[in-house]
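Asker: entry.csv is reproduced in full below (CSV, C-alpha atoms and all ligand atoms).
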```csv
chain,number,residue,atom,x,y,z
A,1255,MET,CA,44.0,-48.9,7.6
A,1256,ALA,CA,46.8,-46.8,9.1
A,1257,ALA,CA,50.3,-48.2,8.7
A,1258,LYS,CA,51.8,-49.7,11.7
A,1259,LEU,CA,55.4,-50.5,12.8
A,1260,GLU,CA,55.3,-54.0,11.3
A,1261,ASP,CA,54.8,-52.4,7.9
A,1262,VAL,CA,58.3,-51.0,8.0
A,1263,LYS,CA,60.9,-53.0,6.1
A,1264,GLY,CA,63.0,-54.9,8.6
A,1265,ILE,CA,60.6,-54.9,11.5
A,1266,GLY,CA,59.0,-58.2,12.6
A,1267,PRO,CA,56.4,-58.6,15.3
A,1268,ALA,CA,59.0,-59.2,18.1
A,1269,LEU,CA,61.0,-56.0,17.2
A,1270,ALA,CA,57.7,-54.1,16.9
A,1271,ASP,CA,56.7,-55.1,20.4
A,1272,LYS,CA,60.1,-54.2,21.7
A,1273,LEU,CA,59.9,-50.7,20.1
A,1274,ARG,CA,56.4,-50.2,21.5
A,1275,SER,CA,57.7,-51.1,25.0
A,1276,ILE,CA,60.2,-48.2,24.8
A,1277,GLY,CA,57.6,-45.7,23.7
A,1278,VAL,CA,58.2,-45.9,20.0
A,1279,THR,CA,54.6,-46.7,19.1
A,1280,SER,CA,54.2,-45.6,15.6
A,1281,ILE,CA,56.0,-45.1,12.3
A,1282,GLU,CA,55.9,-41.3,13.0
A,1283,ALA,CA,57.6,-41.9,16.3
A,1284,LEU,CA,60.2,-44.2,14.8
A,1285,ALA,CA,61.0,-41.7,12.1
A,1286,ILE,CA,62.0,-39.1,14.6
A,1287,THR,CA,63.7,-41.1,17.2
A,1288,PRO,CA,67.5,-41.0,17.2
A,1289,PRO,CA,68.8,-44.5,16.1
A,1290,SER,CA,71.3,-44.4,18.9
A,1291,PHE,CA,68.5,-44.3,21.4
A,1292,ILE,CA,66.8,-47.2,19.7
A,1293,SER,CA,70.0,-49.2,19.6
A,1294,GLU,CA,70.7,-48.5,23.3
A,1295,ALA,CA,67.2,-49.2,24.5
A,1296,THR,CA,66.5,-52.4,22.4
A,1297,GLY,CA,69.9,-53.8,22.0
A,1298,LEU,CA,69.4,-53.6,18.2
A,1299,ASN,CA,72.7,-53.2,16.3
A,1300,ILE,CA,73.2,-49.6,15.4
A,1301,ASP,CA,73.3,-50.1,11.6
A,1302,ARG,CA,69.9,-51.9,11.7
A,1303,ALA,CA,68.6,-49.1,13.9
A,1304,VAL,CA,69.7,-46.5,11.4
A,1305,LYS,CA,68.1,-48.5,8.6
A,1306,ILE,CA,64.7,-48.9,10.2
A,1307,CYS,CA,64.5,-45.2,11.1
A,1308,GLN,CA,65.4,-44.4,7.5
A,1309,TYR,CA,62.7,-46.8,6.1
A,1310,ALA,CA,60.2,-45.2,8.4
A,1311,ARG,CA,61.0,-41.8,7.0
A,1312,GLU,CA,60.8,-43.1,3.5
A,1313,LEU,CA,57.4,-44.6,4.2
A,1314,LEU,CA,56.3,-41.2,5.5
A,1315,LYS,CA,58.0,-39.4,2.6
A,1316,ILE,CA,59.5,-36.9,5.0
A,1317,ASN,CA,63.0,-37.0,3.6
A,1318,PHE,CA,62.6,-34.7,0.6
A,1319,ILE,CA,59.7,-32.5,-0.3
A,1320,SER,CA,59.3,-29.8,-3.0
A,1321,ALA,CA,58.9,-26.2,-2.1
A,1322,ASP,CA,55.3,-26.5,-3.2
A,1323,GLU,CA,54.7,-29.3,-0.8
A,1324,TYR,CA,56.5,-27.3,1.8
A,1325,LEU,CA,54.1,-24.4,1.3
A,1326,GLN,CA,51.1,-26.8,1.6
A,1327,ARG,CA,52.6,-27.9,5.0
A,1328,ARG,CA,53.0,-24.3,6.1
A,1329,LEU,CA,49.3,-23.7,5.3
A,1330,LYS,CA,48.5,-26.4,7.9
A,1331,ILE,CA,50.1,-24.3,10.7
A,1332,GLY,CA,47.8,-23.9,13.7
A,1333,LYS,CA,47.8,-21.0,16.1
A,1334,ILE,CA,47.0,-21.0,19.8
A,1335,THR,CA,45.8,-17.7,21.3
A,1336,THR,CA,47.6,-16.5,24.3
A,1337,GLY,CA,44.4,-14.9,25.6
A,1338,CYS,CA,46.0,-11.5,25.2
A,1339,LYS,CA,45.3,-9.5,22.0
A,1340,ALA,CA,48.6,-7.6,22.1
A,1341,LEU,CA,50.7,-10.8,22.5
A,1342,ASP,CA,48.7,-12.6,19.8
A,1343,GLU,CA,49.4,-9.7,17.4
A,1344,LEU,CA,53.1,-9.8,18.3
A,1345,LEU,CA,53.2,-13.5,17.5
A,1346,GLY,CA,51.3,-13.1,14.2
A,1347,GLY,CA,48.1,-14.6,15.6
A,1348,GLY,CA,49.3,-16.8,18.4
A,1349,VAL,CA,51.8,-19.5,19.2
A,1350,GLU,CA,52.3,-21.6,16.1
A,1351,THR,CA,52.4,-25.3,15.5
A,1352,LEU,CA,55.4,-26.9,13.6
A,1353,ALA,CA,57.7,-24.6,15.7
A,1354,ILE,CA,59.4,-24.1,19.0
A,1355,THR,CA,58.6,-20.8,20.7
A,1356,GLU,CA,60.9,-19.8,23.5
A,1357,PHE,CA,59.9,-17.4,26.2
A,1358,ALA,CA,63.0,-16.0,27.9
A,1359,GLY,CA,63.2,-13.6,30.8
A,1360,GLU,CA,64.1,-13.0,34.5
A,1361,PHE,CA,62.4,-14.7,37.5
A,1362,GLY,CA,58.8,-13.7,38.1
A,1363,VAL,CA,58.4,-12.1,34.7
A,1364,GLY,CA,55.5,-14.5,33.8
A,1365,LYS,CA,57.0,-17.4,31.8
A,1366,THR,CA,55.3,-20.1,33.9
A,1367,GLN,CA,52.1,-18.1,33.9
A,1368,LEU,CA,52.1,-18.1,30.1
A,1369,ALA,CA,52.8,-21.8,30.1
A,1370,HIS,CA,49.8,-22.4,32.3
A,1371,GLN,CA,47.6,-20.1,30.2
A,1372,LEU,CA,48.5,-21.7,26.8
A,1373,SER,CA,47.9,-25.2,28.3
A,1374,VAL,CA,44.3,-24.0,28.8
A,1375,THR,CA,43.8,-22.1,25.6
A,1376,VAL,CA,45.1,-24.9,23.4
A,1377,GLN,CA,42.0,-26.8,24.5
A,1378,LEU,CA,39.6,-24.1,23.1
A,1379,PRO,CA,37.9,-25.0,19.9
A,1380,ARG,CA,39.5,-23.6,16.7
A,1381,ASP,CA,36.9,-20.8,16.3
A,1382,MET,CA,37.8,-19.5,19.7
A,1383,GLY,CA,41.6,-19.5,19.1
A,1384,GLY,CA,42.5,-22.9,20.3
A,1385,LEU,CA,43.3,-26.2,18.6
A,1386,GLY,CA,40.8,-28.4,20.4
A,1387,GLY,CA,43.7,-30.5,21.8
A,1388,ALA,CA,45.5,-31.4,25.0
A,1389,ALA,CA,48.7,-30.1,26.5
A,1390,LEU,CA,51.8,-32.1,27.6
A,1391,TYR,CA,53.4,-30.2,30.4
A,1392,VAL,CA,56.9,-31.0,31.3
A,1393,ASP,CA,57.8,-29.3,34.6
A,1394,SER,CA,61.5,-29.3,35.5
A,1395,GLU,CA,61.1,-26.7,38.3
A,1396,GLY,CA,58.1,-28.0,40.3
A,1397,THR,CA,56.1,-24.8,39.7
A,1398,PHE,CA,53.1,-26.3,37.9
A,1399,ARG,CA,49.9,-25.3,39.9
A,1400,PRO,CA,46.6,-27.1,39.0
A,1401,GLU,CA,44.8,-24.4,41.1
A,1402,ARG,CA,46.0,-21.8,38.7
A,1403,ILE,CA,44.6,-23.9,35.7
A,1404,LEU,CA,41.2,-23.8,37.4
A,1405,GLN,CA,41.3,-20.0,37.6
A,1406,ILE,CA,42.4,-19.6,34.0
A,1407,ALA,CA,39.9,-22.2,32.7
A,1408,SER,CA,36.9,-20.4,34.2
A,1409,ARG,CA,37.9,-17.2,32.5
A,1410,PHE,CA,37.7,-19.1,29.2
A,1411,ASN,CA,34.4,-20.8,30.2
A,1412,LEU,CA,36.0,-24.2,30.3
A,1413,ASP,CA,35.1,-26.8,32.9
A,1414,GLY,CA,38.0,-26.7,35.3
A,1415,LYS,CA,38.1,-30.5,35.9
A,1416,GLU,CA,37.9,-31.3,32.2
A,1417,ALA,CA,40.7,-28.7,31.6
A,1418,LEU,CA,42.9,-30.5,34.1
A,1419,LYS,CA,42.3,-33.9,32.5
A,1420,ARG,CA,43.5,-32.5,29.2
A,1421,ILE,CA,46.8,-31.4,30.7
A,1422,ILE,CA,49.2,-34.4,30.8
A,1423,PHE,CA,51.7,-33.6,33.5
A,1424,ALA,CA,55.3,-34.9,33.8
A,1425,ARG,CA,57.8,-33.7,36.4
A,1426,ALA,CA,61.3,-34.0,35.1
A,1427,TYR,CA,63.8,-34.7,37.9
A,1428,ASN,CA,67.1,-34.3,35.9
A,1429,SER,CA,68.2,-33.6,32.4
A,1430,ASP,CA,68.2,-37.3,31.4
A,1431,HIS,CA,64.7,-37.8,32.8
A,1432,GLN,CA,63.6,-34.7,30.9
A,1433,MET,CA,65.0,-36.1,27.6
A,1434,LEU,CA,63.4,-39.5,28.3
A,1435,ILE,CA,60.0,-37.9,28.8
A,1436,VAL,CA,60.3,-36.2,25.4
A,1437,SER,CA,61.7,-39.2,23.6
A,1438,GLN,CA,58.8,-41.3,24.8
A,1439,ALA,CA,56.1,-38.7,24.3
A,1440,SER,CA,54.7,-40.1,21.0
A,1441,SER,CA,52.2,-42.5,22.5
A,1442,ILE,CA,50.8,-39.8,24.9
A,1443,ILE,CA,50.6,-37.3,22.0
A,1444,GLU,CA,48.6,-39.8,19.9
A,1445,LYS,CA,46.4,-41.0,22.8
A,1446,TYR,CA,45.4,-37.6,24.0
A,1447,ASN,CA,45.6,-35.5,20.8
A,1448,VAL,CA,48.3,-33.3,22.3
A,1449,LYS,CA,48.6,-30.0,20.4
A,1450,LEU,CA,51.0,-28.2,22.8
A,1451,ILE,CA,54.1,-29.4,24.6
A,1452,VAL,CA,55.4,-27.2,27.4
A,1453,VAL,CA,58.9,-27.5,28.8
A,1454,ASP,CA,59.3,-25.2,31.8
A,1455,SER,CA,62.2,-24.7,32.0
A,1456,LEU,CA,64.2,-26.1,29.2
A,1457,ILE,CA,67.7,-25.4,30.5
A,1458,GLY,CA,67.5,-25.5,34.3
A,1459,HIS,CA,68.7,-29.1,34.8
A,1460,PHE,CA,71.3,-28.9,32.0
A,1461,ARG,CA,72.7,-25.8,33.5
A,1462,GLY,CA,72.8,-27.2,37.0
A,1463,GLU,CA,74.4,-30.6,36.0
A,1464,TYR,CA,76.9,-29.3,33.5
A,1465,ALA,CA,78.5,-26.5,35.3
A,1466,GLY,CA,81.9,-25.1,34.3
A,1467,ARG,CA,83.6,-24.5,31.0
A,1468,GLU,CA,84.9,-28.0,30.4
A,1469,MET,CA,81.3,-29.4,30.5
A,1470,LEU,CA,80.0,-26.9,28.1
A,1471,ALA,CA,80.5,-28.9,24.9
A,1472,SER,CA,78.8,-32.0,26.2
A,1473,ARG,CA,75.9,-29.9,27.7
A,1474,GLN,CA,75.4,-28.2,24.3
A,1475,GLN,CA,75.4,-31.5,22.5
A,1476,LYS,CA,72.8,-33.0,24.7
A,1477,LEU,CA,70.7,-29.8,24.6
A,1478,ASN,CA,70.9,-29.9,20.8
A,1479,ARG,CA,69.5,-33.5,20.8
A,1480,HIS,CA,66.7,-32.5,23.1
A,1481,ILE,CA,65.7,-29.5,21.1
A,1482,HIS,CA,65.8,-31.5,17.9
A,1483,GLN,CA,63.6,-34.1,19.4
A,1484,LEU,CA,61.1,-31.4,20.3
A,1485,LEU,CA,61.2,-29.9,16.9
A,1486,ALA,CA,60.7,-33.4,15.3
A,1487,LEU,CA,57.6,-33.9,17.4
A,1488,ALA,CA,56.3,-30.5,16.4
A,1489,ASP,CA,56.8,-31.6,12.8
A,1490,ALA,CA,55.5,-35.1,13.0
A,1491,TYR,CA,52.3,-34.2,14.9
A,1492,ASN,CA,51.7,-30.6,13.7
A,1493,LEU,CA,51.8,-29.4,17.3
A,1494,ALA,CA,53.2,-26.3,19.1
A,1495,VAL,CA,56.2,-26.4,21.5
A,1496,ILE,CA,56.9,-23.7,24.0
A,1497,VAL,CA,60.0,-23.7,26.2
A,1498,THR,CA,61.0,-21.2,28.9
A,1499,ASN,CA,64.5,-20.0,29.5
A,1500,GLN,CA,65.9,-18.2,32.5
A,1501,VAL,CA,68.2,-15.3,31.9
A,1502,MET,CA,71.7,-15.0,33.2
A,1503,ALA,CA,73.5,-11.8,33.8
A,1504,ASN,CA,76.5,-11.5,31.5
A,1505,PRO,CA,79.0,-9.2,33.0
A,1506,ALA,CA,81.0,-9.2,29.7
A,1507,THR,CA,78.3,-7.2,28.1
A,1508,PHE,CA,78.9,-3.4,28.4
A,1509,PHE,CA,76.4,-2.2,25.9
A,1510,GLY,CA,72.8,-3.1,25.4
A,1511,ASN,CA,70.9,-5.6,27.6
A,1512,PRO,CA,73.2,-7.2,30.1
A,1513,ASN,CA,70.9,-10.2,30.4
A,1514,LYS,CA,70.9,-12.8,27.8
A,1515,PRO,CA,69.1,-16.1,27.4
A,1516,THR,CA,71.2,-19.1,28.4
A,1517,GLY,CA,71.7,-22.0,26.2
A,1518,GLY,CA,74.0,-20.3,23.8
A,1519,HIS,CA,74.1,-20.9,20.1
A,1520,VAL,CA,72.4,-24.3,20.2
A,1521,LEU,CA,69.2,-22.8,21.5
A,1522,ALA,CA,69.4,-19.7,19.4
A,1523,HIS,CA,69.4,-21.9,16.3
A,1524,GLY,CA,67.0,-24.5,17.6
A,1525,SER,CA,64.1,-22.4,18.6
A,1526,THR,CA,62.0,-21.0,15.8
A,1527,TYR,CA,60.7,-17.9,17.7
A,1528,ARG,CA,62.3,-16.2,20.7
A,1529,ILE,CA,60.2,-13.9,22.8
A,1530,TRP,CA,62.1,-11.8,25.4
A,1531,LEU,CA,60.1,-10.8,28.4
A,1532,ARG,CA,61.0,-8.1,30.9
A,1533,LYS,CA,59.4,-6.2,33.7
A,1534,GLY,CA,58.0,-2.7,33.2
A,1535,LYS,CA,56.5,-0.1,35.4
A,1536,ALA,CA,53.4,-0.7,37.6
A,1537,GLY,CA,53.4,-4.5,37.1
A,1538,LYS,CA,53.4,-4.3,33.4
A,1539,ARG,CA,55.3,-6.8,31.3
A,1540,ILE,CA,57.0,-6.1,28.0
A,1541,ALA,CA,57.4,-8.8,25.4
A,1542,LYS,CA,59.7,-8.4,22.4
A,1543,ILE,CA,60.1,-10.8,19.5
A,1544,PHE,CA,63.6,-11.3,18.1
A,1545,ASP,CA,65.4,-13.7,15.9
A,1546,SER,CA,62.2,-14.4,14.0
A,1547,PRO,CA,62.5,-15.5,10.4
A,1548,VAL,CA,59.1,-13.9,9.6
A,1549,HIS,CA,58.2,-11.3,12.2
A,1550,PRO,CA,59.6,-7.8,12.3
A,1551,GLU,CA,61.2,-7.0,15.6
A,1552,SER,CA,58.5,-5.4,17.7
A,1553,GLU,CA,57.2,-5.1,21.3
A,1554,CYS,CA,54.0,-5.2,23.2
A,1555,THR,CA,52.8,-5.1,26.8
A,1556,PHE,CA,50.7,-7.3,29.0
A,1557,MET,CA,49.7,-7.9,32.6
A,1558,ILE,CA,49.4,-10.9,35.0
A,1559,ALA,CA,46.1,-10.8,36.7
A,1560,GLU,CA,44.0,-13.2,38.9
A,1561,ASN,CA,42.6,-14.9,35.8
A,1562,GLY,CA,45.9,-15.1,34.0
A,1563,ILE,CA,47.7,-13.1,31.3
A,1564,VAL,CA,45.6,-10.1,30.1
A,1565,ASP,CA,45.9,-7.0,28.0
A,1566,VAL,CA,47.0,-3.8,29.6
A,1567,GLU,CA,43.7,-1.8,30.1
A,1601,LIG,P1,60.9,-18.0,37.1
A,1601,LIG,O1,60.3,-19.4,36.9
A,1601,LIG,O2,61.3,-17.8,38.6
A,1601,LIG,O3,62.1,-17.7,36.3
A,1601,LIG,O4,59.8,-16.9,36.8
A,1601,LIG,P2,58.6,-17.0,35.8
A,1601,LIG,O5,59.0,-16.1,34.7
A,1601,LIG,O6,58.2,-18.3,35.5
A,1601,LIG,O7,57.5,-16.2,36.6
A,1601,LIG,P3,56.0,-16.7,36.8
A,1601,LIG,O8,55.3,-17.0,35.6
A,1601,LIG,O9,56.0,-17.7,37.9
A,1601,LIG,O10,55.3,-15.3,37.3
A,1601,LIG,C1,55.2,-15.0,38.7
A,1601,LIG,C2,54.4,-13.7,38.8
A,1601,LIG,O11,53.1,-14.0,38.3
A,1601,LIG,C3,54.3,-13.3,40.2
A,1601,LIG,O12,55.4,-12.4,40.5
A,1601,LIG,C4,53.0,-12.5,40.1
A,1601,LIG,O13,53.2,-11.2,39.7
A,1601,LIG,C5,52.2,-13.2,39.0
A,1601,LIG,N1,51.1,-14.1,39.5
A,1601,LIG,C6,51.2,-15.4,39.7
A,1601,LIG,N2,50.0,-15.8,40.2
A,1601,LIG,C7,49.2,-14.8,40.2
A,1601,LIG,C8,47.8,-14.5,40.6
A,1601,LIG,O14,47.1,-15.5,41.0
A,1601,LIG,N3,47.4,-13.3,40.5
A,1601,LIG,C9,48.1,-12.2,40.1
A,1601,LIG,N4,47.6,-11.0,40.0
A,1601,LIG,N5,49.4,-12.4,39.7
A,1601,LIG,C10,49.9,-13.6,39.8
A,1602,MG,MG,58.8,-20.2,36.1
```
Could I get this structure in the form of structure tokens?
Answerer:
Amino acid sequence: MAAKLEDVKGIGPALADKLRSIGVTSIEALAITPPSFISEATGLNIDRAVKICQYARELLKINFISADEYLQRRLKIGKITTGCKALDELLGGGVETLAITEFAGEFGVGKTQLAHQLSVTVQLPRDMGGLGGAALYVDSEGTFRPERILQIASRFNLDGKEALKRIIFARAYNSDHQMLIVSQASSIIEKYNVKLIVVDSLIGHFRGEYAGREMLASRQQKLNRHIHQLLALADAYNLAVIVTNQVMANPATFFGNPNKPTGGHVLAHGSTYRIWLRKGKAGKRIAKIFDSPVHPESECTFMIAENGIVDVE
């Protein structure tokens, strides 16, 4: 029988119930939830919160692993096709699990379109480039369109209604709400077999709420927590996370590309793969991978069509 919260040292039935009520429904969830959140949400003293999180990690044996075990974990990486051969190739086969992939670029470049497309392709069976799982779509900008999902689903021969049912949608109204959604995602992930989490966009609310230089440090701190929570979910459930990031003109740059992804160093270190998107001629889009630990820096092109993201003919 699978271990449950009560099997963790220091957790009785009452505390287990309390934890479940705040969205911490399993040992995996407990292991990756910040103790400060548990303490705040349950009233548990912080030292005890730290202890039970630690016990949960020990139970899961995720504190220390040998390089050999690490390789075994890497072999479990799943890949989700983007539905575009050139993009898949750029990504080394598709969007990977156990990682955060960031799509950055200017307005209208296709970040949200890609997010829609991957929410569909993750549902495909493995032999067709998917992971046979569901998507959790966190929308901070109000740009999710179910109609678009129907169009994309039909291209991949999926039943539109079924495809919609396997996209769990959450509108994030501010940065705290966005973080709450992610910190309580474990039960949804387990219930629906979520294999992709989308956050579109990651930074929007943070940037709006923490304007000005004096707010920068607290913004980055919060963003850091948010990103690490996402990464922890990717790790605990072997799922893929994609986030989008708007670009901001940086007038201080005189050489090279004057646009750079917002989020600063926190995001640069937190996301595992960063894909830069820009507009080309005749509606073409150019994708470039950078900051990747494993991919060489390279580029490819794609188009946005009626039925989603496609290869350039
Ligand atoms: P921001 O969120 O504003 O930063 O932009 P984004 O990068 O998310 O852009 P998005 O993914 O929303 O792309 C918008 C573009 O997709 C539009 O300019 C259109 O070119 C294209 N697009 C969206 N829907 C369709 C469609 O049904 N058919 C076609 N051909 N193109 C579409
Ligand atoms: Mg968008």
Asker: Rounded to one decimal, what separation in Å do you get between CA of Cys1338 (chain A) and CA of Arg1539 (chain A)?
Answerer: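 Between these atoms lies a distance of 12.1 Å.
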Asker: Distance table requested - chain A against ligand LIG 1601 (chain A), cut-off 9 Å, only C-alpha atoms and all ligand atoms: one row per qualifying residue with the closest atom pair and its distance in Å to one decimal, ordered by chain and rising residue number, as a tab-separated table.
Answerer:
```
residue	atom	partner	partner_atom	distance
A:Phe1357	CA	A:LIG1601	O5	8.6
A:Ala1358	CA	A:LIG1601	O5	7.9
A:Gly1359	CA	A:LIG1601	O5	6.3
A:Glu1360	CA	A:LIG1601	O3	5.4
A:Phe1361	CA	A:LIG1601	O3	3.2
A:Gly1362	CA	A:LIG1601	O7	3.2
A:Val1363	CA	A:LIG1601	O5	4.0
A:Gly1364	CA	A:LIG1601	O8	3.1
A:Lys1365	CA	A:LIG1601	O5	3.8
A:Thr1366	CA	A:LIG1601	O8	3.5
A:Gln1367	CA	A:LIG1601	O8	3.8
A:Leu1368	CA	A:LIG1601	O8	6.5
A:Ala1369	CA	A:LIG1601	O8	7.7
A:His1370	CA	A:LIG1601	O8	8.4
A:Glu1395	CA	A:LIG1601	O1	7.5
A:Thr1397	CA	A:LIG1601	O9	7.3
A:Arg1402	CA	A:LIG1601	O14	6.8
A:Gln1405	CA	A:LIG1601	O14	8.1
A:Asp1454	CA	A:LIG1601	O1	7.8
A:Ser1455	CA	A:LIG1601	O1	7.5
A:Thr1498	CA	A:LIG1601	O6	7.7
A:Asn1499	CA	A:LIG1601	O3	7.6
A:Gln1500	CA	A:LIG1601	O3	5.4
A:Val1501	CA	A:LIG1601	O3	7.9
A:Leu1531	CA	A:LIG1601	O5	8.3
A:Gly1537	CA	A:LIG1601	O13	7.2
A:Met1557	CA	A:LIG1601	N4	8.3
A:Ile1558	CA	A:LIG1601	N5	4.9
A:Ala1559	CA	A:LIG1601	N4	3.6
A:Glu1560	CA	A:LIG1601	N3	3.8
A:Asn1561	CA	A:LIG1601	O14	6.9
A:Gly1562	CA	A:LIG1601	C8	6.9
A:Ile1563	CA	A:LIG1601	N5	8.6
```
Asker: For a test of reading the model, state the distance in Å between CA of Ala1303 (chain A) and CA of Glu1260 (chain A), rounded to one decimal.
Answerer: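 Atom-to-atom, CA of Ala1303 (chain A) and CA of Glu1260 (chain A) are spaced 14.4 Å apart.
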Asker: From the set A:Ala1389, A:Ala1490, A:Leu1456, A:Ala1407, which residue has the shortest atom-to-atom contact distance to ligand MG 1602 (chain A), counting all atoms listed in the file?
Answerer: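 Closest residue, counting all atoms listed in the file: A:Leu1456.
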Asker: So, counting all atoms listed in the file, which residue among A:Thr1287, A:Thr1526, A:Gln1371, A:Ser1394 is closest to ligand MG 1602 (chain A)?
Answerer: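 Going through A:Thr1287, A:Thr1526, A:Gln1371, A:Ser1394 one by one, the smallest distance to ligand MG 1602 (chain A) is for A:Ser1394.
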Asker: Just checking: using only C-alpha atoms, which residue out of A:Gln1377, A:Val1392, A:Val1278, A:Leu1484 ends up closest to Leu1352 (chain A)?
Answerer: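 Residue with the minimum atom-to-atom distance to Leu1352 (chain A): A:Leu1484.
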Asker: Which residue gives the smallest distance to ligand MG 1602 (chain A) among A:Ala1494, A:Asp1393, A:Arg1532, A:Leu1470, with only C-alpha atoms and all ligand atoms counted?
Answerer: A:Asp1393
Asker: As a list of chain:residue names, please: the residues near Ile1435 (chain A) (cut-off 8 Å, all atoms listed in the file, same-chain neighbours under 2 positions excluded).
Answerer: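 Those residues are A:Val1392, A:Ala1424, A:Ala1426, A:His1431, A:Gln1432, A:Met1433, A:Ser1437, A:Gln1438, A:Ala1439.
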Asker: Kindly reconstruct region 1377-1397 of chain A with N, CA and C atoms and present the result as a PDB file, keeping the file's coordinate frame.
Answerer:
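Saved the output as rebuild.pdb:
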```pdb
ATOM      1  N   GLN A1377      43.136 -25.891  24.424  1.00  0.00           N
ATOM      2  CA  GLN A1377      42.000 -26.800  24.500  1.00  0.00           C
ATOM      3  C   GLN A1377      40.720 -26.138  23.890  1.00  0.00           C
ATOM      4  N   LEU A1378      40.761 -24.823  23.717  1.00  0.00           N
ATOM      5  CA  LEU A1378      39.600 -24.100  23.100  1.00  0.00           C
ATOM      6  C   LEU A1378      39.355 -24.636  21.718  1.00  0.00           C
ATOM      7  N   PRO A1379      38.092 -24.587  21.266  1.00  0.00           N
ATOM      8  CA  PRO A1379      37.900 -25.000  19.900  1.00  0.00           C
ATOM      9  C   PRO A1379      38.540 -23.958  18.939  1.00  0.00           C
ATOM     10  N   ARG A1380      38.726 -24.389  17.683  1.00  0.00           N
ATOM     11  CA  ARG A1380      39.500 -23.600  16.700  1.00  0.00           C
ATOM     12  C   ARG A1380      38.862 -22.188  16.527  1.00  0.00           C
ATOM     13  N   ASP A1381      37.533 -22.123  16.500  1.00  0.00           N
ATOM     14  CA  ASP A1381      36.900 -20.800  16.300  1.00  0.00           C
ATOM     15  C   ASP A1381      37.040 -19.887  17.465  1.00  0.00           C
ATOM     16  N   MET A1382      37.602 -20.384  18.559  1.00  0.00           N
ATOM     17  CA  MET A1382      37.800 -19.500  19.700  1.00  0.00           C
ATOM     18  C   MET A1382      39.340 -19.321  19.960  1.00  0.00           C
ATOM     19  N   GLY A1383      40.144 -19.727  19.003  1.00  0.00           N
ATOM     20  CA  GLY A1383      41.600 -19.500  19.100  1.00  0.00           C
ATOM     21  C   GLY A1383      42.413 -20.616  19.632  1.00  0.00           C
ATOM     22  N   GLY A1384      41.761 -21.765  19.854  1.00  0.00           N
ATOM     23  CA  GLY A1384      42.500 -22.900  20.300  1.00  0.00           C
ATOM     24  C   GLY A1384      42.725 -23.934  19.209  1.00  0.00           C
ATOM     25  N   LEU A1385      43.136 -25.146  19.590  1.00  0.00           N
ATOM     26  CA  LEU A1385      43.300 -26.200  18.600  1.00  0.00           C
ATOM     27  C   LEU A1385      42.496 -27.443  19.008  1.00  0.00           C
ATOM     28  N   GLY A1386      41.627 -27.272  19.994  1.00  0.00           N
ATOM     29  CA  GLY A1386      40.800 -28.400  20.400  1.00  0.00           C
ATOM     30  C   GLY A1386      41.634 -29.596  20.862  1.00  0.00           C
ATOM     31  N   GLY A1387      42.815 -29.347  21.407  1.00  0.00           N
ATOM     32  CA  GLY A1387      43.700 -30.500  21.800  1.00  0.00           C
ATOM     33  C   GLY A1387      44.127 -30.400  23.227  1.00  0.00           C
ATOM     34  N   ALA A1388      44.997 -31.327  23.580  1.00  0.00           N
ATOM     35  CA  ALA A1388      45.500 -31.400  25.000  1.00  0.00           C
ATOM     36  C   ALA A1388      46.898 -30.815  25.034  1.00  0.00           C
ATOM     37  N   ALA A1389      47.379 -30.641  26.279  1.00  0.00           N
ATOM     38  CA  ALA A1389      48.700 -30.100  26.500  1.00  0.00           C
ATOM     39  C   ALA A1389      49.563 -31.206  27.223  1.00  0.00           C
ATOM     40  N   LEU A1390      50.820 -31.306  26.852  1.00  0.00           N
ATOM     41  CA  LEU A1390      51.800 -32.100  27.600  1.00  0.00           C
ATOM     42  C   LEU A1390      52.689 -31.149  28.337  1.00  0.00           C
ATOM     43  N   TYR A1391      52.645 -31.157  29.659  1.00  0.00           N
ATOM     44  CA  TYR A1391      53.400 -30.200  30.400  1.00  0.00           C
ATOM     45  C   TYR A1391      54.548 -30.805  31.142  1.00  0.00           C
ATOM     46  N   VAL A1392      55.742 -30.492  30.693  1.00  0.00           N
ATOM     47  CA  VAL A1392      56.900 -31.000  31.300  1.00  0.00           C
ATOM     48  C   VAL A1392      57.503 -29.953  32.249  1.00  0.00           C
ATOM     49  N   ASP A1393      57.476 -30.277  33.528  1.00  0.00           N
ATOM     50  CA  ASP A1393      57.800 -29.300  34.600  1.00  0.00           C
ATOM     51  C   ASP A1393      59.153 -29.695  35.185  1.00  0.00           C
ATOM     52  N   SER A1394      60.182 -28.904  34.961  1.00  0.00           N
ATOM     53  CA  SER A1394      61.500 -29.300  35.500  1.00  0.00           C
ATOM     54  C   SER A1394      61.753 -28.492  36.818  1.00  0.00           C
ATOM     55  N   GLU A1395      60.848 -27.582  37.175  1.00  0.00           N
ATOM     56  CA  GLU A1395      61.100 -26.700  38.300  1.00  0.00           C
ATOM     57  C   GLU A1395      60.143 -26.913  39.486  1.00  0.00           C
ATOM     58  N   GLY A1396      59.133 -27.731  39.267  1.00  0.00           N
ATOM     59  CA  GLY A1396      58.100 -28.000  40.300  1.00  0.00           C
ATOM     60  C   GLY A1396      57.247 -26.761  40.545  1.00  0.00           C
ATOM     61  N   THR A1397      56.963 -26.005  39.493  1.00  0.00           N
ATOM     62  CA  THR A1397      56.100 -24.800  39.700  1.00  0.00           C
ATOM     63  C   THR A1397      54.778 -24.911  38.979  1.00  0.00           C
TER      64      THR A1397
END
```
